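Raw contents of run-v6.cif, mmCIF, C-alpha atoms:
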data_input
loop_
_atom_site.label_atom_id
_atom_site.label_comp_id
_atom_site.auth_asym_id
_atom_site.auth_seq_id
_atom_site.Cartn_x
_atom_site.Cartn_y
_atom_site.Cartn_z
CA MET A 23 0.00 0.00 0.00
CA ARG A 24 1.45 3.35 -1.05
CA PRO A 25 2.20 5.71 1.87
CA SER A 26 -0.10 8.73 1.92
CA THR A 27 1.11 12.30 1.50
CA HIS A 28 -0.25 12.86 5.00
CA PHE A 29 1.97 10.06 6.31
CA LEU A 30 5.10 11.50 4.66
CA LEU A 31 4.45 14.94 6.11
CA THR A 32 3.88 13.43 9.54
CA ARG A 33 7.09 11.40 9.27
CA ARG A 34 9.07 14.57 8.61
CA ALA A 35 7.34 16.29 11.51
CA ALA A 36 8.31 13.43 13.81
CA ARG A 37 11.97 14.40 13.46
CA ILE A 38 11.38 17.81 14.97
CA SER A 39 8.52 17.23 17.41
CA ASP A 40 8.04 15.26 20.59
CA ALA A 41 4.24 15.55 20.41
CA PRO A 42 2.40 12.21 20.65
CA ALA A 43 0.95 12.78 17.16
CA SER A 44 4.48 12.59 15.78
CA LEU A 45 4.36 8.85 16.56
CA LEU A 46 1.82 8.20 13.80
CA PRO A 47 4.57 6.92 11.45
CA VAL A 48 5.52 4.33 14.08
CA ALA A 49 1.92 3.11 14.24
CA LEU A 50 1.65 2.98 10.45
CA LYS A 51 4.82 0.90 10.18
CA ALA A 52 3.46 -1.51 12.80
CA ALA A 53 0.35 -1.93 10.64
CA GLU A 54 2.50 -2.77 7.61
CA ILE A 55 4.26 -5.49 9.59
CA THR A 56 1.05 -7.04 10.86
CA SER A 57 -0.85 -6.88 7.59
CA ASP A 58 1.63 -9.21 5.93
CA LEU A 59 1.48 -11.65 8.85
CA VAL A 60 -2.32 -11.83 8.88
CA ARG A 61 -2.68 -12.20 5.11
CA THR A 62 -0.02 -14.86 4.65
CA ARG A 63 -0.69 -17.18 7.60
CA VAL A 64 -3.51 -19.57 8.41
CA PRO A 65 -5.08 -19.12 11.87
CA GLY A 66 -3.38 -22.25 13.24
CA LEU A 67 -4.21 -23.79 16.59
CA LEU A 68 -6.84 -22.10 18.73
CA THR A 69 -6.28 -21.24 22.39
CA ALA A 70 -9.42 -21.04 24.53
CA LYS A 71 -9.51 -17.90 26.69
CA GLY A 72 -12.97 -18.51 28.14
CA ASP A 73 -16.49 -19.41 27.14
CA ARG A 74 -16.65 -18.97 23.32
CA ASP A 75 -13.57 -16.74 23.43
CA MET A 76 -10.38 -17.74 21.66
CA ALA A 77 -7.10 -16.62 20.16
CA THR A 78 -5.27 -18.04 17.17
CA GLU A 79 -1.57 -18.60 16.60
CA VAL A 80 -1.70 -15.52 14.37
CA ASP A 81 -3.06 -13.38 17.24
CA TYR A 82 -0.03 -14.23 19.34
CA ALA A 83 2.46 -13.94 16.47
CA VAL A 84 1.16 -10.50 15.48
CA GLU A 85 1.16 -9.17 19.03
CA CYS A 86 4.70 -10.47 19.60
CA ALA A 87 5.94 -8.81 16.41
CA VAL A 88 4.26 -5.50 17.27
CA ARG A 89 5.59 -5.54 20.82
CA ASP A 90 9.14 -6.14 19.61
CA TYR A 91 8.84 -3.29 17.10
CA LEU A 92 7.29 -0.83 19.55
CA LYS A 93 9.84 -1.65 22.26
CA GLU A 94 12.61 -0.87 19.80
CA ARG A 95 11.09 2.37 18.49
CA THR A 96 9.40 3.69 21.67
CA PRO A 97 11.08 1.98 24.63
CA ASN A 98 9.66 4.42 27.19
CA ILE A 99 6.01 3.82 26.31
CA ALA A 100 4.09 0.99 27.97
CA ILE A 101 2.23 -1.51 25.80
CA LEU A 102 -1.20 -3.01 26.53
CA GLY A 103 -2.10 -5.96 24.32
CA GLU A 104 -5.21 -8.08 24.31
CA GLU A 105 -3.29 -11.34 24.51
CA GLU A 106 -0.26 -10.53 26.70
CA GLY A 107 -1.49 -7.77 29.02
CA ILE A 108 0.55 -4.70 29.94
CA THR A 109 4.31 -4.29 29.95
CA GLY A 110 6.70 -1.36 30.31
CA ASP A 111 6.62 1.86 32.30
CA THR A 112 3.04 2.19 33.49
CA THR A 113 3.76 5.57 35.11
CA SER A 114 4.15 7.23 31.71
CA ASP A 115 1.43 9.50 30.31
CA LEU A 116 1.45 7.43 27.12
CA LEU A 117 0.23 3.90 26.45
CA TRP A 118 0.05 1.82 23.28
CA ALA A 119 -3.13 -0.34 23.05
CA VAL A 120 -2.84 -3.27 20.63
CA ASP A 121 -5.42 -5.69 19.27
CA PRO A 122 -3.50 -8.01 16.95
CA VAL A 123 -6.56 -9.48 15.21
CA ASP A 124 -9.89 -7.96 16.16
CA GLY A 125 -12.72 -10.15 14.93
CA THR A 126 -10.95 -13.44 15.59
CA ALA A 127 -14.15 -15.46 15.13
CA ASN A 128 -14.51 -13.93 11.66
CA PHE A 129 -10.83 -14.56 10.89
CA VAL A 130 -11.08 -18.24 11.82
CA ARG A 131 -14.06 -18.72 9.48
CA GLY A 132 -12.50 -16.84 6.58
CA ILE A 133 -14.83 -13.86 6.93
CA PRO A 134 -12.80 -10.79 5.86
CA LEU A 135 -14.25 -8.48 8.54
CA CYS A 136 -11.27 -8.53 10.87
CA GLY A 137 -8.21 -6.41 11.37
CA PHE A 138 -5.37 -4.93 13.37
CA SER A 139 -5.93 -2.01 15.76
CA LEU A 140 -3.23 0.12 17.39
CA GLY A 141 -3.99 3.22 19.43
CA LEU A 142 -1.76 5.59 21.37
CA ILE A 143 -3.45 6.84 24.54
CA GLU A 144 -2.33 9.98 26.38
CA ARG A 145 -3.68 10.38 29.92
CA GLY A 146 -6.77 8.35 29.13
CA ARG A 147 -7.60 9.80 25.69
CA PRO A 148 -6.52 8.35 22.32
CA VAL A 149 -4.30 10.68 20.27
CA VAL A 150 -3.09 8.38 17.47
CA GLY A 151 -4.83 5.47 15.82
CA VAL A 152 -4.29 3.00 12.98
CA ILE A 153 -6.74 0.30 11.87
CA ASP A 154 -5.63 -2.09 9.15
CA LEU A 155 -8.11 -4.41 7.40
CA PRO A 156 -5.75 -6.75 5.53
CA PHE A 157 -8.38 -8.73 3.62
CA LEU A 158 -10.07 -5.53 2.43
CA SER A 159 -6.73 -3.83 1.56
CA THR A 160 -7.80 -0.84 3.63
CA ARG A 161 -5.91 1.14 6.27
CA TYR A 162 -7.35 3.96 8.38
CA HIS A 163 -5.27 6.39 10.41
CA ALA A 164 -5.59 9.56 12.42
CA ALA A 165 -3.66 11.77 14.80
CA GLN A 166 -5.13 14.40 17.06
CA HIS A 167 -5.89 17.70 15.27
CA THR A 168 -4.76 16.39 11.85
CA GLY A 169 -7.88 14.67 10.49
CA ALA A 170 -8.79 11.07 9.70
CA TYR A 171 -7.73 9.23 6.56
CA VAL A 172 -8.19 6.01 4.65
CA GLY A 173 -4.99 5.68 2.65
CA ASP A 174 -4.30 9.23 1.49
CA ARG A 175 -7.98 10.24 1.30
CA ARG A 176 -9.42 12.34 4.09
CA ILE A 177 -12.71 11.01 5.45
CA GLN A 178 -15.62 12.43 7.39
CA ALA A 179 -18.73 11.18 9.13
CA SER A 180 -22.06 10.99 7.34
CA MET A 181 -24.56 13.83 7.25
CA THR A 182 -27.50 11.67 8.39
CA THR A 183 -29.78 13.54 10.76
CA ASP A 184 -32.86 11.31 11.10
CA LEU A 185 -32.84 8.02 13.00
CA LYS A 186 -35.12 6.35 10.42
CA ASP A 187 -32.42 6.90 7.77
CA ALA A 188 -29.56 5.56 9.90
CA ILE A 189 -27.58 2.36 9.50
CA VAL A 190 -26.37 1.41 12.98
CA ALA A 191 -23.84 -1.23 14.02
CA ILE A 192 -24.05 -2.93 17.39
CA GLY A 193 -21.36 -4.90 19.18
CA ASP A 194 -21.46 -8.64 19.68
CA TYR A 195 -23.63 -10.13 22.38
CA ALA A 196 -21.72 -10.96 25.54
CA VAL A 197 -20.24 -14.40 26.22
CA GLY A 198 -18.63 -15.89 29.30
CA ASP A 199 -18.98 -14.74 32.89
CA GLY A 200 -21.73 -12.18 33.38
CA SER A 201 -23.26 -12.64 29.94
CA GLU A 202 -26.66 -13.58 31.36
CA ALA A 203 -26.81 -10.20 33.08
CA LYS A 204 -25.46 -8.24 30.10
CA ASN A 205 -27.40 -9.69 27.20
CA PRO A 206 -30.96 -8.72 28.17
CA ILE A 207 -29.95 -5.07 27.66
CA ARG A 208 -28.26 -5.87 24.34
CA ILE A 209 -31.30 -7.79 23.12
CA ALA A 210 -33.66 -5.02 24.23
CA LEU A 211 -31.46 -2.50 22.41
CA THR A 212 -31.56 -4.61 19.23
CA GLU A 213 -35.36 -4.59 19.40
CA ARG A 214 -35.49 -0.81 19.76
CA LEU A 215 -33.03 -0.22 16.97
CA ALA A 216 -34.91 -2.59 14.66
CA ALA A 217 -38.08 -0.60 15.28
CA ASN A 218 -36.52 2.82 14.69
CA VAL A 219 -33.54 2.79 12.32
CA GLN A 220 -33.17 1.92 8.65
CA ARG A 221 -30.94 -1.13 9.24
CA VAL A 222 -29.05 -2.81 12.09
CA ARG A 223 -25.64 -4.44 11.51
CA MET A 224 -23.50 -6.72 13.69
CA LEU A 225 -20.11 -6.91 11.98
CA GLY A 226 -18.15 -8.58 14.77
CA SER A 227 -15.35 -6.02 15.06
CA ALA A 228 -15.42 -2.81 17.09
CA PRO A 229 -12.53 -1.22 15.12
CA ILE A 230 -14.41 -1.78 11.87
CA ASP A 231 -17.58 -0.32 13.38
CA LEU A 232 -15.75 2.84 14.45
CA ALA A 233 -13.74 3.20 11.23
CA TRP A 234 -16.88 2.84 9.11
CA VAL A 235 -18.72 5.45 11.17
CA ALA A 236 -15.73 7.74 10.56
CA GLU A 237 -15.92 7.06 6.82
CA GLY A 238 -19.70 7.53 6.66
CA LYS A 239 -20.48 3.92 5.73
CA LEU A 240 -22.35 3.69 9.05
CA ASP A 241 -24.19 6.45 10.88
CA ALA A 242 -23.61 5.10 14.39
CA SER A 243 -21.96 2.27 16.27
CA ILE A 244 -22.93 1.07 19.73
CA THR A 245 -20.50 -1.03 21.73
CA LEU A 246 -21.65 -1.66 25.29
CA SER A 247 -18.10 -2.15 26.53
CA ASN A 248 -14.84 -0.21 26.49
CA LYS A 249 -11.68 -2.28 26.12
CA PRO A 250 -8.78 -0.03 25.07
CA TRP A 251 -7.31 -2.49 22.56
CA ASP A 252 -10.72 -2.67 20.83
CA THR A 253 -11.63 1.02 20.87
CA ALA A 254 -8.64 3.38 21.22
CA ALA A 255 -7.64 3.56 17.55
CA GLY A 256 -11.22 3.76 16.34
CA ILE A 257 -12.14 6.52 18.77
CA ILE A 258 -9.47 8.96 17.56
CA ILE A 259 -10.20 8.10 13.92
CA ALA A 260 -13.93 8.67 14.46
CA ARG A 261 -13.40 11.93 16.36
CA GLU A 262 -11.04 13.32 13.75
CA ALA A 263 -13.70 12.54 11.12
CA GLY A 264 -16.28 14.63 12.96
CA THR A 265 -18.05 11.85 14.85
CA LYS A 266 -19.30 12.34 18.38
CA VAL A 267 -17.95 9.62 20.69
CA THR A 268 -19.59 9.25 24.10
CA ASP A 269 -20.36 6.92 26.96
CA GLN A 270 -23.83 5.37 27.07
CA ASP A 271 -25.19 8.32 29.08
CA GLY A 272 -24.08 10.87 26.49
CA THR A 273 -21.06 12.17 28.40
CA ASP A 274 -17.75 12.55 26.57
CA HIS A 275 -15.95 9.23 26.14
CA THR A 276 -12.88 8.57 28.29
CA SER A 277 -10.91 5.52 29.36
CA ASN A 278 -13.30 5.22 32.32
CA SER A 279 -16.42 5.00 30.16
CA VAL A 280 -18.43 1.77 30.34
CA ALA A 281 -19.56 1.88 26.69
CA THR A 282 -18.38 3.30 23.38
CA ILE A 283 -21.02 5.10 21.33
CA ALA A 284 -20.05 6.82 18.07
CA THR A 285 -22.68 8.77 16.13
CA THR A 286 -23.24 11.76 13.93
CA ALA A 287 -24.00 14.74 16.17
CA PRO A 288 -27.74 14.90 15.33
CA LEU A 289 -28.20 11.21 16.17
CA ALA A 290 -26.46 11.32 19.54
CA GLU A 291 -29.51 12.24 21.61
CA PRO A 292 -32.00 9.80 20.01
CA ILE A 293 -29.46 6.96 20.24
CA GLU A 294 -28.90 7.79 23.91
CA LYS A 295 -32.64 7.62 24.53
CA LEU A 296 -32.86 4.20 22.88
CA ILE A 297 -30.03 2.92 25.05
CA CYS A 298 -31.69 4.25 28.22
CA SER A 299 -34.95 2.60 27.23
CA ALA A 300 -33.18 -0.68 26.52
CA LYS A 301 -31.45 -0.57 29.90
CA ARG A 302 -34.80 -0.16 31.67
CA ARG A 303 -36.28 -3.04 29.70
CA GLY A 304 -33.23 -5.23 30.24
CA ASP A 305 -33.22 -4.57 33.97
CA LEU A 306 -36.94 -5.39 34.10
CA ASN A 307 -36.42 -8.67 32.23
CA GLN A 308 -33.68 -9.67 34.69
CA SER A 309 -35.90 -9.05 37.70
CA THR A 310 -38.87 -11.07 36.41
#

Any chance you could give the structure as structure tokens?
Amino acid sequence: MRPSTHFLLTRRAARISDAPASLLPVALKAAEITSDLVRTRVPGLLTAKGDRDMATEVDYAVECAVRDYLKERTPNIAILGEEEGITGDTTSDLLWAVDPVDGTANFVRGIPLCGFSLGLIERGRPVVGVIDLPFLSTRYHAAQHTGAYVGDRRIQASMTTDLKDAIVAIGDYAVGDGSEAKNPIRIALTERLAANVQRVRMLGSAPIDLAWVAEGKLDASITLSNKPWDTAAGIIIAREAGTKVTDQDGTDHTSNSVATIATTAPLAEPIEKLICSAKRRGDLNQST
């Protein structure tokens, strides 16, 4: 994939700036490394991580390769990976958040909706993000105050203003411990969305949901969780594209948020109301 003009300018800026955004070239290079690994290897043996949760040999190989690269290029920044946890100086203001293959269930079945996500978090807020979708030959990137891009094309959120015209993605239903308490709300939310929006989509990858909201393919994405390796890169890409990213109660999204909601500005309030209604219904279903 040809480097974008934006990337080349940012690479030159990195030589003269210590700002976190100057680390975008590092994140883009990490994506190049991982894209080749994901495209050229079969998933291999599966490791069970819990009820209906798994990792492939490729997940571990990609995370290992990224960690080695990031340690070499940014030795003073801690790294949080989905498979290997956190390493490095955790007192730093900066943290890399890595998901080697988001959408592992899709990857295992040969469904191309999966990808690599790498975000740089500064004091709880993402400032750099790269999402690479190797089987779609697509790479998204953003740095704070510089815009969001797919390749060398700048992207922006859709102009949809009416809920009935919106295509909305929702995150996977919960599995494992606590899923019986979590899923009534998710199911109630699905019902409300189905009754009010144009279409509902469950793509199986939070980074794809967020990147496609940023690009205007989707009008909103609702993920009722907030794991940094899943969301950090997508949040900064979505924000730089003009998307509003909040917690489930409509407050500005931070690392302490319990959910990750990305919408066009006009849809934020009606989506919040649907989530509140679903929570009431889900809580009622649990108590009966």

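Reported to one decimal place, the separation of atom CA of A:Leu246 from atom CA of A:Gly200 is 13.3 Å.
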
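Closest approach to A:Ile297 among A:Gln178, A:Asn248, A:Thr276, A:Thr212 is made by A:Thr212 (distances from all atoms listed in the file).
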
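Of note, atom CA of A:Val88 and atom CA of A:Ile283 are spaced 27.7 Å apart.
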
Original post:
Can you list what the PyMOL selection byres ((chain A and resi 150) around 12) grabs from this structure, as a ChimeraX atom specification?
Top reply: /A:32,41-50,116-119,139-144,147-149,151-153,162-171,253-262

Residue selection dump (C-alpha atoms) as a tab-separated table (two decimals), in the frame of the given file:
chain	number	residue	atom	x	y	z
A	32	THR	CA	3.88	13.43	9.54
A	41	ALA	CA	4.24	15.55	20.41
A	42	PRO	CA	2.40	12.21	20.65
A	43	ALA	CA	0.95	12.78	17.16
A	44	SER	CA	4.48	12.59	15.78
A	45	LEU	CA	4.36	8.85	16.56
A	46	LEU	CA	1.82	8.20	13.80
A	47	PRO	CA	4.57	6.92	11.45
A	48	VAL	CA	5.52	4.33	14.08
A	49	ALA	CA	1.92	3.11	14.24
A	50	LEU	CA	1.65	2.98	10.45
A	116	LEU	CA	1.45	7.43	27.12
A	117	LEU	CA	0.23	3.90	26.45
A	118	TRP	CA	0.05	1.82	23.28
A	119	ALA	CA	-3.13	-0.34	23.05
A	139	SER	CA	-5.93	-2.01	15.76
A	140	LEU	CA	-3.23	0.12	17.39
A	141	GLY	CA	-3.99	3.22	19.43
A	142	LEU	CA	-1.76	5.59	21.37
A	143	ILE	CA	-3.45	6.84	24.54
A	144	GLU	CA	-2.33	9.98	26.38
A	147	ARG	CA	-7.60	9.80	25.69
A	148	PRO	CA	-6.52	8.35	22.32
A	149	VAL	CA	-4.30	10.68	20.27
A	151	GLY	CA	-4.83	5.47	15.82
A	152	VAL	CA	-4.29	3.00	12.98
A	153	ILE	CA	-6.74	0.30	11.87
A	162	TYR	CA	-7.35	3.96	8.38
A	163	HIS	CA	-5.27	6.39	10.41
A	164	ALA	CA	-5.59	9.56	12.42
A	165	ALA	CA	-3.66	11.77	14.80
A	166	GLN	CA	-5.13	14.40	17.06
A	167	HIS	CA	-5.89	17.70	15.27
A	168	THR	CA	-4.76	16.39	11.85
A	169	GLY	CA	-7.88	14.67	10.49
A	170	ALA	CA	-8.79	11.07	9.70
A	171	TYR	CA	-7.73	9.23	6.56
A	253	THR	CA	-11.63	1.02	20.87
A	254	ALA	CA	-8.64	3.38	21.22
A	255	ALA	CA	-7.64	3.56	17.55
A	256	GLY	CA	-11.22	3.76	16.34
A	257	ILE	CA	-12.14	6.52	18.77
A	258	ILE	CA	-9.47	8.96	17.56
A	259	ILE	CA	-10.20	8.10	13.92
A	260	ALA	CA	-13.93	8.67	14.46
A	261	ARG	CA	-13.40	11.93	16.36
A	262	GLU	CA	-11.04	13.32	13.75

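Residues matching the PyMOL selection byres ((chain A and resi 186) around 7) in this structure come to Asp184, Leu185, Asp187, Ala188, Asn218, Val219 and Gln220 of chain A.
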